[in-house]
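Colleague: Handing over data21.cif, mmCIF, C-alpha atoms.
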```cif
data_start
loop_
_atom_site.label_atom_id
_atom_site.label_comp_id
_atom_site.auth_asym_id
_atom_site.auth_seq_id
_atom_site.Cartn_x
_atom_site.Cartn_y
_atom_site.Cartn_z
CA MET O 1 67.13 84.11 80.97
CA THR O 2 69.06 81.48 82.85
CA GLU O 3 67.60 79.78 85.90
CA THR O 4 70.02 81.47 88.32
CA MET O 5 69.28 84.90 86.91
CA SER O 6 65.53 84.49 87.21
CA VAL O 7 65.87 83.24 90.81
CA LEU O 8 68.08 86.24 91.56
CA LEU O 9 65.57 88.64 90.00
CA ASP O 10 62.61 87.12 91.85
CA ALA O 11 64.42 87.04 95.17
CA THR O 12 65.48 90.68 94.77
CA LEU O 13 61.92 91.70 93.88
CA ALA O 14 60.39 89.81 96.81
CA ALA O 15 62.98 91.15 99.26
CA THR O 16 62.41 94.70 97.98
CA LEU O 17 58.66 94.31 98.43
CA VAL O 18 58.96 93.09 102.01
CA PHE O 19 61.51 95.79 102.81
CA ILE O 20 59.26 98.56 101.40
CA ALA O 21 56.27 97.15 103.32
CA TRP O 22 58.32 97.04 106.53
CA ARG O 23 59.53 100.64 106.10
CA CYS O 24 55.98 101.67 105.26
CA VAL O 25 54.56 100.39 108.57
CA SER O 26 57.54 101.32 110.74
CA THR O 27 58.30 104.89 109.61
CA ARG O 28 56.84 107.72 111.66
CA ASP O 29 56.63 110.10 108.73
CA ALA O 30 53.06 109.99 107.42
CA PHE O 31 53.84 111.36 103.96
CA GLY O 32 56.82 109.01 103.55
CA SER O 33 54.64 106.08 104.48
CA ILE O 34 52.02 106.90 101.85
CA ALA O 35 54.73 107.50 99.22
CA LEU O 36 56.25 104.10 100.07
CA PHE O 37 52.82 102.50 99.72
CA ILE O 38 52.50 103.88 96.18
CA VAL O 39 55.99 102.59 95.35
CA LEU O 40 55.03 99.21 96.82
CA GLY O 41 52.09 99.00 94.41
CA LEU O 42 54.29 99.70 91.40
CA VAL O 43 56.96 97.16 92.39
CA MET O 44 54.12 94.74 93.11
CA ALA O 45 52.93 95.17 89.53
CA ILE O 46 56.35 93.99 88.30
CA ALA O 47 56.20 91.02 90.67
CA TRP O 48 52.78 90.03 89.38
CA VAL O 49 54.03 90.19 85.79
CA ARG O 50 56.74 87.71 86.89
CA LEU O 51 53.86 85.54 88.18
CA ARG O 52 52.24 85.64 84.73
CA ALA O 53 49.33 87.85 85.81
CA PRO O 54 49.53 90.93 83.54
CA ASP O 55 45.83 91.75 84.06
CA LEU O 56 46.36 92.00 87.77
CA ALA O 57 49.60 93.93 87.36
CA LEU O 58 47.69 96.57 85.36
CA ALA O 59 44.92 96.67 87.95
CA GLU O 60 47.36 96.88 90.87
CA ALA O 61 49.33 99.72 89.29
CA ALA O 62 46.18 101.70 88.46
CA LEU O 63 43.84 100.82 91.35
CA GLY O 64 45.94 99.60 94.25
CA SER O 65 48.77 102.04 93.77
CA ALA O 66 47.45 105.15 92.00
CA ILE O 67 43.83 105.47 93.13
CA THR O 68 44.38 104.24 96.70
CA GLY O 69 47.48 106.45 96.91
CA ALA O 70 45.48 109.48 95.77
CA MET O 71 42.81 108.73 98.38
CA LEU O 72 45.40 108.44 101.17
CA LEU O 73 47.18 111.63 100.11
CA ALA O 74 43.88 113.53 99.96
CA VAL O 75 43.28 112.65 103.61
CA TRP O 76 46.88 113.45 104.54
CA PHE O 77 46.44 116.95 103.15
CA GLU O 78 43.60 117.65 105.56
CA PRO O 79 44.58 119.99 108.36
CA ARG O 80 46.23 118.51 111.43
CA ARG O 81 47.03 115.25 109.66
CA ARG O 82 50.61 116.12 108.78
CA LEU O 83 52.08 115.64 112.22
CA PRO O 84 54.46 112.71 112.55
CA TRP O 85 52.83 109.59 113.91
CA ALA O 86 53.31 108.72 117.54
CA SER O 87 55.82 105.98 118.17
CA PRO O 88 54.12 102.87 119.60
CA SER O 89 55.14 101.68 123.05
CA ARG O 90 57.58 98.83 123.47
CA ARG O 91 54.87 96.50 124.77
CA ARG O 92 52.65 97.24 121.82
CA ARG O 93 55.47 96.61 119.35
CA LEU O 94 56.24 93.28 120.99
CA PHE O 95 52.57 92.31 120.89
CA ALA O 96 52.37 93.34 117.22
CA LEU O 97 55.47 91.31 116.41
CA LEU O 98 53.92 88.25 118.07
CA ALA O 99 50.64 88.77 116.18
CA ALA O 100 52.51 89.14 112.88
CA CYS O 101 54.63 86.01 113.51
CA GLY O 102 51.50 84.08 114.51
CA ALA O 103 49.62 85.11 111.36
CA MET O 104 52.63 84.35 109.15
CA GLY O 105 53.08 80.95 110.81
CA VAL O 106 49.44 79.97 110.31
CA VAL O 107 49.40 81.05 106.65
CA ALA O 108 52.78 79.43 105.89
CA GLY O 109 51.54 76.21 107.54
CA ALA O 110 48.46 76.25 105.32
CA LEU O 111 50.53 76.93 102.18
CA LEU O 112 53.22 74.26 102.65
CA PRO O 113 51.05 71.28 101.61
CA LEU O 114 49.98 73.18 98.48
CA LEU O 115 53.52 73.70 97.19
CA GLY O 116 54.03 70.52 95.22
CA SER O 117 50.51 70.22 93.91
CA GLN O 118 48.68 71.95 91.10
CA GLY O 119 45.16 73.21 91.10
CA GLY O 120 42.81 75.56 89.38
CA LEU O 121 40.37 75.65 86.55
CA ALA O 122 42.53 76.85 83.63
CA VAL O 123 41.76 73.71 81.57
CA GLU O 124 38.02 73.96 82.21
CA VAL O 125 38.02 77.64 81.24
CA GLN O 126 39.91 76.91 78.01
CA ALA O 127 37.42 74.14 77.14
CA GLU O 128 34.40 76.46 77.45
CA ILE O 129 35.91 79.73 76.21
CA ALA O 130 34.59 79.36 72.65
CA ALA O 131 31.05 79.91 73.98
CA THR O 132 31.84 83.34 75.43
CA GLY O 133 32.71 85.37 72.34
CA VAL O 134 35.99 86.58 73.88
CA THR O 135 39.36 84.87 73.76
CA HIS O 136 41.03 86.25 76.88
CA PRO O 137 40.38 83.81 79.73
CA VAL O 138 40.27 86.36 82.59
CA THR O 139 37.67 88.47 80.75
CA ALA O 140 35.69 85.31 79.98
CA VAL O 141 35.67 84.39 83.68
CA LEU O 142 34.83 87.91 84.86
CA LEU O 143 32.02 88.67 82.44
CA ASP O 144 30.64 85.29 81.50
CA PHE O 145 31.34 82.39 83.84
CA ARG O 146 31.30 84.51 86.98
CA SER O 147 29.35 87.56 85.79
CA PHE O 148 27.25 87.48 88.95
CA ASP O 149 30.43 88.17 90.95
CA THR O 150 31.23 91.12 88.73
CA PHE O 151 27.68 92.42 89.08
CA LEU O 152 27.96 92.30 92.88
CA GLU O 153 31.43 93.87 92.68
CA LEU O 154 29.95 96.88 90.88
CA CYS O 155 27.27 97.00 93.60
CA VAL O 156 30.04 97.13 96.25
CA LEU O 157 31.65 100.11 94.50
CA VAL O 158 28.34 101.99 94.34
CA ALA O 159 27.52 101.04 97.94
CA ALA O 160 30.85 102.47 99.14
CA LEU O 161 30.12 105.70 97.27
CA ILE O 162 26.60 105.97 98.74
CA GLY O 163 28.14 105.40 102.18
CA ILE O 164 30.58 108.27 101.66
CA TRP O 165 27.85 110.59 100.40
CA ARG O 166 25.79 109.76 103.47
CA LEU O 167 28.71 110.82 105.70
CA ASP O 168 28.45 114.36 104.34
CA VAL O 169 32.22 114.82 104.22
CA ARG O 170 33.58 118.21 103.22
CA GLY O 171 36.01 116.54 100.89
CA SER O 172 38.19 118.32 98.45
CA ILE O 173 41.05 117.61 96.16
CA PRO O 174 44.06 119.16 97.88
CA GLY O 175 45.83 121.94 96.06
CA ALA O 176 42.89 122.54 93.79
CA THR O 177 42.64 126.19 94.75
CA SER O 178 44.49 127.89 91.94
CA LEU O 179 45.47 126.89 88.44
CA ASP O 180 48.99 125.49 88.42
CA PRO O 181 50.35 126.40 84.96
CA VAL O 182 53.01 123.65 84.84
CA LEU O 183 50.67 120.93 86.01
CA ALA O 184 47.88 122.26 83.80
CA SER O 185 49.96 122.19 80.63
CA TYR O 186 51.03 118.64 81.48
CA ALA O 187 47.53 117.54 82.42
CA LYS O 188 45.89 118.51 79.14
CA PRO O 189 47.70 116.05 76.83
CA ALA O 190 48.09 113.49 79.65
CA VAL O 191 44.35 113.31 80.30
CA ALA O 192 43.61 112.99 76.59
CA MET O 193 46.13 110.16 76.37
CA LEU O 194 44.76 108.47 79.50
CA ILE O 195 41.24 108.46 78.06
CA VAL O 196 42.46 106.98 74.76
CA LEU O 197 44.59 104.49 76.71
CA GLY O 198 41.56 103.55 78.83
CA GLY O 199 39.53 102.90 75.69
CA ALA O 200 42.34 100.77 74.25
CA ILE O 201 42.68 98.76 77.47
CA LEU O 202 38.92 98.18 77.49
CA TRP O 203 38.88 97.02 73.85
CA ARG O 204 41.96 94.83 74.27
CA GLY O 205 40.28 93.06 77.20
CA ALA O 206 38.46 90.81 74.74
CA PHE O 207 41.62 89.10 73.54
CA ALA O 208 44.54 90.28 75.72
CA PRO O 209 45.21 91.48 79.27
CA GLY O 210 42.94 94.43 80.01
CA GLY O 211 39.28 95.05 80.67
CA ALA O 212 36.72 97.24 82.36
CA PHE O 213 38.38 97.60 85.76
CA GLN O 214 41.81 98.50 84.43
CA ALA O 215 40.29 100.88 81.87
CA GLY O 216 38.04 102.50 84.47
CA ALA O 217 40.97 103.06 86.83
CA THR O 218 43.08 104.57 84.03
CA ILE O 219 40.35 107.04 83.06
CA ALA O 220 39.74 107.84 86.74
CA ALA O 221 43.44 108.71 87.09
CA GLY O 222 42.91 111.25 84.31
CA GLY O 223 39.97 112.76 86.19
CA VAL O 224 41.99 113.06 89.40
CA LEU O 225 44.83 114.69 87.46
CA MET O 226 42.40 117.26 86.00
CA MET O 227 41.18 118.16 89.48
CA LEU O 228 44.75 118.35 90.83
CA ALA O 229 45.66 120.79 88.07
CA ALA O 230 42.68 122.86 89.26
CA TYR O 231 41.10 123.35 85.88
CA PRO O 232 38.13 125.63 86.41
CA THR O 233 35.96 123.20 84.48
CA ALA O 234 37.33 120.11 86.22
CA GLY O 235 35.29 118.37 88.84
CA PRO O 236 32.37 116.02 88.95
CA PRO O 237 29.33 116.72 86.80
CA ALA O 238 26.01 117.78 88.34
CA ALA O 239 24.66 115.51 91.05
CA HIS O 240 22.04 113.82 88.89
CA TRP O 241 24.62 112.97 86.21
CA CYS O 242 26.83 111.49 88.91
CA ARG O 243 24.00 109.26 90.06
CA ILE O 244 23.18 108.11 86.53
CA GLY O 245 26.87 107.59 85.65
CA THR O 246 27.77 105.61 88.75
CA GLY O 247 24.65 103.49 88.50
CA LEU O 248 25.13 102.76 84.81
CA GLY O 249 27.26 99.65 85.36
CA VAL O 250 24.89 98.05 87.85
CA LEU O 251 21.78 99.00 85.87
CA GLY O 252 23.35 97.91 82.57
CA LEU O 253 24.31 94.50 83.92
CA LEU O 254 20.90 94.16 85.55
CA LEU O 255 19.17 94.95 82.26
CA LEU O 256 21.41 92.55 80.29
CA GLY O 257 20.84 89.94 83.00
CA VAL O 258 17.08 90.25 82.66
CA ILE O 259 17.34 90.05 78.84
CA ALA O 260 19.40 86.88 79.31
CA LEU O 261 16.81 85.59 81.78
CA VAL O 262 14.05 86.05 79.21
CA THR O 263 15.95 84.62 76.24
CA SER O 264 18.05 81.84 77.73
CA GLY O 265 16.28 81.15 80.98
CA SER O 266 18.81 82.13 83.60
CA PHE O 267 19.95 85.46 85.05
CA LEU O 268 23.24 86.86 83.63
CA ASP O 269 23.74 83.73 81.52
CA TRP O 270 24.39 85.22 78.08
CA PRO O 271 22.93 83.39 75.07
CA ASP O 272 25.98 81.74 73.43
CA ALA O 273 25.58 83.24 69.98
CA LYS O 274 25.42 86.83 71.30
CA ALA O 275 27.75 86.47 74.29
CA GLY O 276 30.46 88.70 72.80
CA THR O 277 28.03 91.59 72.24
CA PHE O 278 26.57 91.25 75.74
CA ILE O 279 30.05 91.30 77.25
CA LEU O 280 31.06 94.38 75.25
CA ILE O 281 27.95 96.36 76.33
CA ALA O 282 28.42 95.26 79.95
CA GLU O 283 32.10 96.28 79.89
CA VAL O 284 31.46 99.72 78.40
CA ALA O 285 28.73 100.45 80.96
CA ALA O 286 30.96 99.12 83.75
CA THR O 287 33.94 101.23 82.60
CA VAL O 288 31.88 104.44 82.67
CA SER O 289 30.60 103.83 86.16
CA ILE O 290 33.90 102.48 87.53
CA SER O 291 35.83 105.53 86.36
CA LEU O 292 33.25 107.99 87.68
CA THR O 293 32.84 106.11 90.97
CA LEU O 294 36.60 106.04 91.58
CA ILE O 295 36.92 109.79 90.91
CA LEU O 296 34.07 110.47 93.33
CA LEU O 297 35.61 108.13 95.92
CA VAL O 298 38.87 110.12 95.75
CA LEU O 299 36.93 113.40 95.99
CA ALA O 300 34.87 111.94 98.87
CA ALA O 301 32.44 114.88 98.92
CA ARG O 302 28.92 114.68 97.63
CA PRO O 303 28.68 116.52 94.28
CA GLY O 304 26.31 119.36 93.60
CA PRO O 305 24.67 121.55 96.22
CA SER O 306 25.25 119.87 99.55
CA THR O 307 22.32 121.62 101.25
CA GLY O 308 18.91 120.07 101.02
CA ARG O 309 18.29 116.39 100.71
CA ALA O 310 15.92 116.60 97.79
CA GLY O 311 16.06 113.90 95.17
CA GLY O 312 15.11 111.09 97.49
CA HIS O 313 17.87 108.72 96.47
CA ALA O 314 18.89 106.20 99.06
CA MET V 1 58.46 76.69 90.40
CA SER V 2 61.10 78.70 92.26
CA THR V 3 59.32 81.92 91.26
CA VAL V 4 56.15 80.65 92.93
CA VAL V 5 57.96 79.70 96.16
CA ILE V 6 59.85 83.01 96.35
CA PHE V 7 56.73 85.12 95.88
CA LEU V 8 54.68 82.94 98.24
CA ALA V 9 57.30 83.74 100.87
CA GLY V 10 57.19 87.41 99.82
CA GLY V 11 53.40 87.45 100.12
CA VAL V 12 53.55 85.94 103.60
CA GLY V 13 56.18 88.54 104.56
CA LEU V 14 54.01 91.40 103.25
CA MET V 15 51.02 90.06 105.15
CA GLY V 16 53.15 89.86 108.31
CA ALA V 17 54.31 93.46 107.89
CA GLY V 18 50.68 94.51 107.39
CA VAL V 19 49.50 92.68 110.53
CA TYR V 20 52.35 94.28 112.50
CA GLY V 21 51.28 97.70 111.25
CA ILE V 22 47.60 97.11 112.03
CA VAL V 23 48.37 96.20 115.65
CA CYS V 24 50.98 98.94 116.12
CA ALA V 25 49.08 101.83 114.55
CA ALA V 26 47.52 104.39 116.84
CA ASP V 27 46.43 106.59 113.95
CA ALA V 28 43.42 105.53 111.84
CA LEU V 29 45.05 106.56 108.54
CA ARG V 30 48.09 104.48 109.36
CA ARG V 31 45.94 101.48 110.29
CA ILE V 32 44.07 101.66 106.96
CA LEU V 33 47.43 101.81 105.17
CA ALA V 34 48.69 98.75 107.05
CA LEU V 35 45.45 96.90 106.29
CA ASN V 36 46.03 97.59 102.59
CA ILE V 37 49.56 96.19 102.83
CA ALA V 38 48.25 93.03 104.49
CA SER V 39 45.58 92.65 101.79
CA VAL V 40 48.09 93.11 98.98
CA GLY V 41 50.20 90.39 100.66
CA VAL V 42 47.25 87.99 100.71
CA LEU V 43 46.51 88.79 97.05
CA THR V 44 50.17 88.05 96.19
CA ILE V 45 49.79 84.63 97.81
CA PHE V 46 46.77 83.98 95.59
CA VAL V 47 48.55 85.17 92.44
CA ALA V 48 51.51 82.91 93.28
CA LEU V 49 49.18 79.94 93.83
CA ALA V 50 47.55 80.60 90.45
CA ALA V 51 51.01 80.50 88.82
CA ARG V 52 51.71 76.94 90.04
CA ASN V 53 49.96 75.58 86.96
CA PRO V 54 51.43 75.42 83.47
CA VAL V 55 48.74 77.95 82.41
CA ALA V 56 48.05 80.51 85.15
CA ASP V 57 44.57 79.97 86.59
CA PRO V 58 42.19 82.68 85.23
CA VAL V 59 39.52 82.00 87.88
CA THR V 60 41.96 82.90 90.66
CA HIS V 61 43.00 85.97 88.69
CA ALA V 62 39.37 87.07 88.41
CA MET V 63 38.93 86.58 92.16
CA VAL V 64 42.05 88.64 92.91
CA LEU V 65 40.77 91.41 90.63
CA THR V 66 37.48 91.38 92.54
CA GLY V 67 39.45 91.51 95.78
CA LEU V 68 41.42 94.52 94.58
CA VAL V 69 38.28 96.45 93.65
CA VAL V 70 36.56 95.60 96.94
CA ALA V 71 39.70 96.66 98.85
CA VAL V 72 39.72 100.03 97.06
CA SER V 73 36.00 100.54 97.78
CA ALA V 74 36.45 99.66 101.45
CA THR V 75 39.51 101.92 101.72
CA GLY V 76 37.55 104.81 100.19
CA LEU V 77 34.70 104.36 102.65
CA ALA V 78 37.08 103.98 105.61
CA LEU V 79 38.94 107.16 104.64
CA GLY V 80 35.59 108.96 104.31
CA ILE V 81 34.80 107.95 107.90
CA VAL V 82 38.25 109.18 109.00
CA ARG V 83 37.61 112.56 107.36
CA ARG V 84 34.17 112.81 108.89
CA LEU V 85 35.56 112.06 112.36
CA ALA V 86 38.27 114.69 111.91
CA GLN V 87 35.70 117.27 110.82
CA LEU V 88 33.46 116.46 113.79
CA GLY V 89 36.49 116.96 116.05
CA GLU V 90 37.20 120.32 114.44
CA SER V 91 33.67 121.64 114.85
CA GLU V 92 33.61 120.51 118.50
CA ALA V 93 36.93 122.22 119.12
CA GLY V 94 35.53 125.37 117.49
CA GLU V 95 32.43 125.42 119.70
CA SER V 96 34.17 124.95 123.03
#
```
Take the structure in the file and write it out as structure tokens.
Modeller:
Amino acid sequence: MTETMSVLLDATLAATLVFIAWRCVSTRDAFGSIALFIVLGLVMAIAWVRLRAPDLALAEAALGSAITGAMLLAVWFEPRRRLPWASPSRRRRLFALLAACGAMGVVAGALLPLLGSQGGLAVEVQAEIAATGVTHPVTAVLLDFRSFDTFLELCVLVAALIGIWRLDVRGSIPGATSLDPVLASYAKPAVAMLIVLGGAILWRGAFAPGGAFQAGATIAAGGVLMMLAAYPTAGPPAAHWCRIGTGLGVLGLLLLGVIALVTSGSFLDWPDAKAGTFILIAEVAATVSISLTLILLVLAARPGPSTGRAGGHA
Amino acid sequence: MSTVVIFLAGGVGLMGAGVYGIVCAADALRRILALNIASVGVLTIFVALAARNPVADPVTHAMVLTGLVVAVSATGLALGIVRRLAQLGESEAGES
């Protein structure tokens, strides 16, 4: 691709993104706004591929666009949410415009001195990657060099879910009242393919773009699709299985971390010879709990019998 | 290099649109949506900064991935609160 063509492509992509974002915040039609947000995520994925971040493009398409979009739509389908949004007053719009310009000015001012320079730790990561047992740098960073971050990230996911369960929301997947034959016949092979795809993305994470978060989001999309098609058997498993499944990632990493603490002397610091195995176990456990947690976040309601607070989980 | 500059500008523009939406929104759902647009703009800035180097910086990529997951978790919780508030409003309206 020639230089001019790539500039043209990038400029078109960036302009499209900003235009979609602008329409998304300025339209009064709630459904249109959510639909534009999903489109924004997909175009964003292309932009991030242009920025040589295929891992993030996968995650943005699956998490930022699909899962967040499903969550927003589920709320939109609630009664009395479908009215068009009130138009903000002129004063408020002016104030918002000033706030936006101020924020953009501050961030642009902070970015300008960074333009000519380079920075980052790509060289350092490449130098140490042999000790991790994986060859894909982002996976190495996520599950070896910065595994404590990933551990806390899984805790955040579980904490959000516990928060939602505590709210006692009567959540439901919209439209899941009767079996839709067209959607159901599409969902069956699609879900099977999504699960296989999720497994492939997880496995590829060791040496190519992919990994637990992308795989978890892909499988979660399959779960949401099953519930949308209103399969009688679709839906979250019994409450205790939900608790075990969502906690598996955190507990698995905790257990591996303690094993590492005993054998190599520091928490979550895998012993070099076995690092690849540790990472694989951690990723599989994380994928199971990420996919289940995301499905339950979209569903929002507490699974199982909602009456009675037996079980004593916090 | 031009790719980086173009998408840095795009990221700043997205963030601006998000901030505009956050301030303008009267509806909670709309505000959460705008917040997500602003966050995706900030993440784009990070991804563009990571691409300045000959080899894209994997540590920044890992941070952005963490940011994405935390944003989804926070959005889920915020939407749960929105639903709960709506349901409280319904039951109050039913009682009166």
Colleague: Within 6 Å of chain O, which residues of chain V show up when using only C-alpha atoms, listed as a PDB file with C-alpha atoms, in the coordinates of the input?
Modeller:
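Now in out35.pdb:
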```
ATOM      1  CA  GLY V  10      57.190  87.410  99.820  1.00  0.00           C
ATOM      2  CA  VAL V  12      53.550  85.940 103.600  1.00  0.00           C
ATOM      3  CA  GLY V  13      56.180  88.540 104.560  1.00  0.00           C
ATOM      4  CA  LEU V  14      54.010  91.400 103.250  1.00  0.00           C
ATOM      5  CA  GLY V  16      53.150  89.860 108.310  1.00  0.00           C
ATOM      6  CA  ALA V  17      54.310  93.460 107.890  1.00  0.00           C
ATOM      7  CA  VAL V  19      49.500  92.680 110.530  1.00  0.00           C
ATOM      8  CA  TYR V  20      52.350  94.280 112.500  1.00  0.00           C
ATOM      9  CA  GLY V  21      51.280  97.700 111.250  1.00  0.00           C
ATOM     10  CA  VAL V  23      48.370  96.200 115.650  1.00  0.00           C
ATOM     11  CA  CYS V  24      50.980  98.940 116.120  1.00  0.00           C
ATOM     12  CA  ALA V  51      51.010  80.500  88.820  1.00  0.00           C
ATOM     13  CA  ARG V  52      51.710  76.940  90.040  1.00  0.00           C
ATOM     14  CA  ASN V  53      49.960  75.580  86.960  1.00  0.00           C
ATOM     15  CA  ASP V  57      44.570  79.970  86.590  1.00  0.00           C
ATOM     16  CA  PRO V  58      42.190  82.680  85.230  1.00  0.00           C
ATOM     17  CA  ALA V  62      39.370  87.070  88.410  1.00  0.00           C
ATOM     18  CA  SER V  73      36.000 100.540  97.780  1.00  0.00           C
ATOM     19  CA  GLY V  76      37.550 104.810 100.190  1.00  0.00           C
ATOM     20  CA  LEU V  77      34.700 104.360 102.650  1.00  0.00           C
ATOM     21  CA  GLY V  80      35.590 108.960 104.310  1.00  0.00           C
ATOM     22  CA  ARG V  84      34.170 112.810 108.890  1.00  0.00           C
TER      23      ARG V  84
END
```
Colleague: Using only C-alpha atoms, can you tell me which of V:Thr66, V:Thr75, V:Ile32, V:Val55 comes closest to Phe148 in chain O?
Modeller: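 Nearest to Phe148 in chain O: V:Thr66.
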Colleague: If I take CA of Leu36 in chain O and CA of Ala229 in chain O, how far is one from the other in Å, to one decimal?
Modeller: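 Atom-to-atom, CA of Leu36 in chain O to CA of Ala229 in chain O, that is 23.1 Å.
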Colleague: In Å to one decimal, how far is CA of Asn36 in chain V from CA of Val191 in chain O?
Modeller: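 For CA of Val191 in chain O relative to CA of Asn36 in chain V, the distance reads 27.3 Å.
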Colleague: Between CA of Gly32 in chain O and CA of Leu68 in chain V, measure the distance and give it in Å to one decimal.
Modeller: 23.0 Å
Colleague: Apply the PyMOL selection byres ((chain O and resi 201) around 8) to the displayed file and report the matching residues as a list of chain:residue names.
Modeller: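 Selected by the PyMOL selection byres ((chain O and resi 201) around 8) here: O:Leu197, O:Gly198, O:Gly199, O:Ala200, O:Leu202, O:Trp203, O:Arg204, O:Gly205, O:Pro209, O:Gly210, O:Gly211, O:Ala212, O:Gln214, O:Ala215.
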Colleague: Select, from V:Gly89, V:Gly67, V:Gly41, V:Pro54, the residue with the minimum atom-to-atom distance to Ala9 in chain V, counting all atoms listed in the file.
Modeller: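 Smallest distance to Ala9 in chain V is found for V:Gly41.
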Colleague: Show which residues sit within 9 Å of Val284 in chain O, as a ChimeraX atom specification. Count all atoms listed in the file, and ignore same-chain residues fewer than 4 positions away.
Modeller: /O:202,212,249,279-280,288-289
Colleague: Which is closest to Ile259 in chain O among O:Ala286, O:Ala239, O:Leu194, O:Ala275, if we use all atoms listed in the file?
Modeller: O:Ala275
Colleague: Given only C-alpha atoms as the basis, pick out the residue of O:Ser266, O:Thr27, O:Thr287, O:Thr132 nearest to Thr246 in chain O.
Modeller: O:Thr287
Colleague: Rank nothing, just name the residue among V:Val5, V:Ala74, V:Ala56, V:Val40 nearest to Val43 in chain O, using all atoms listed in the file.
Modeller: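 Counting all atoms listed in the file, the residue closest to Val43 in chain O is V:Val40.
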Colleague: Taking into account only C-alpha atoms, which residue in the set V:Ile22, V:Ala28, V:Ala50, V:Leu8 is nearest to Ala86 in chain V?
Modeller: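 Under the stated criterion, the closest residue is V:Ala28.
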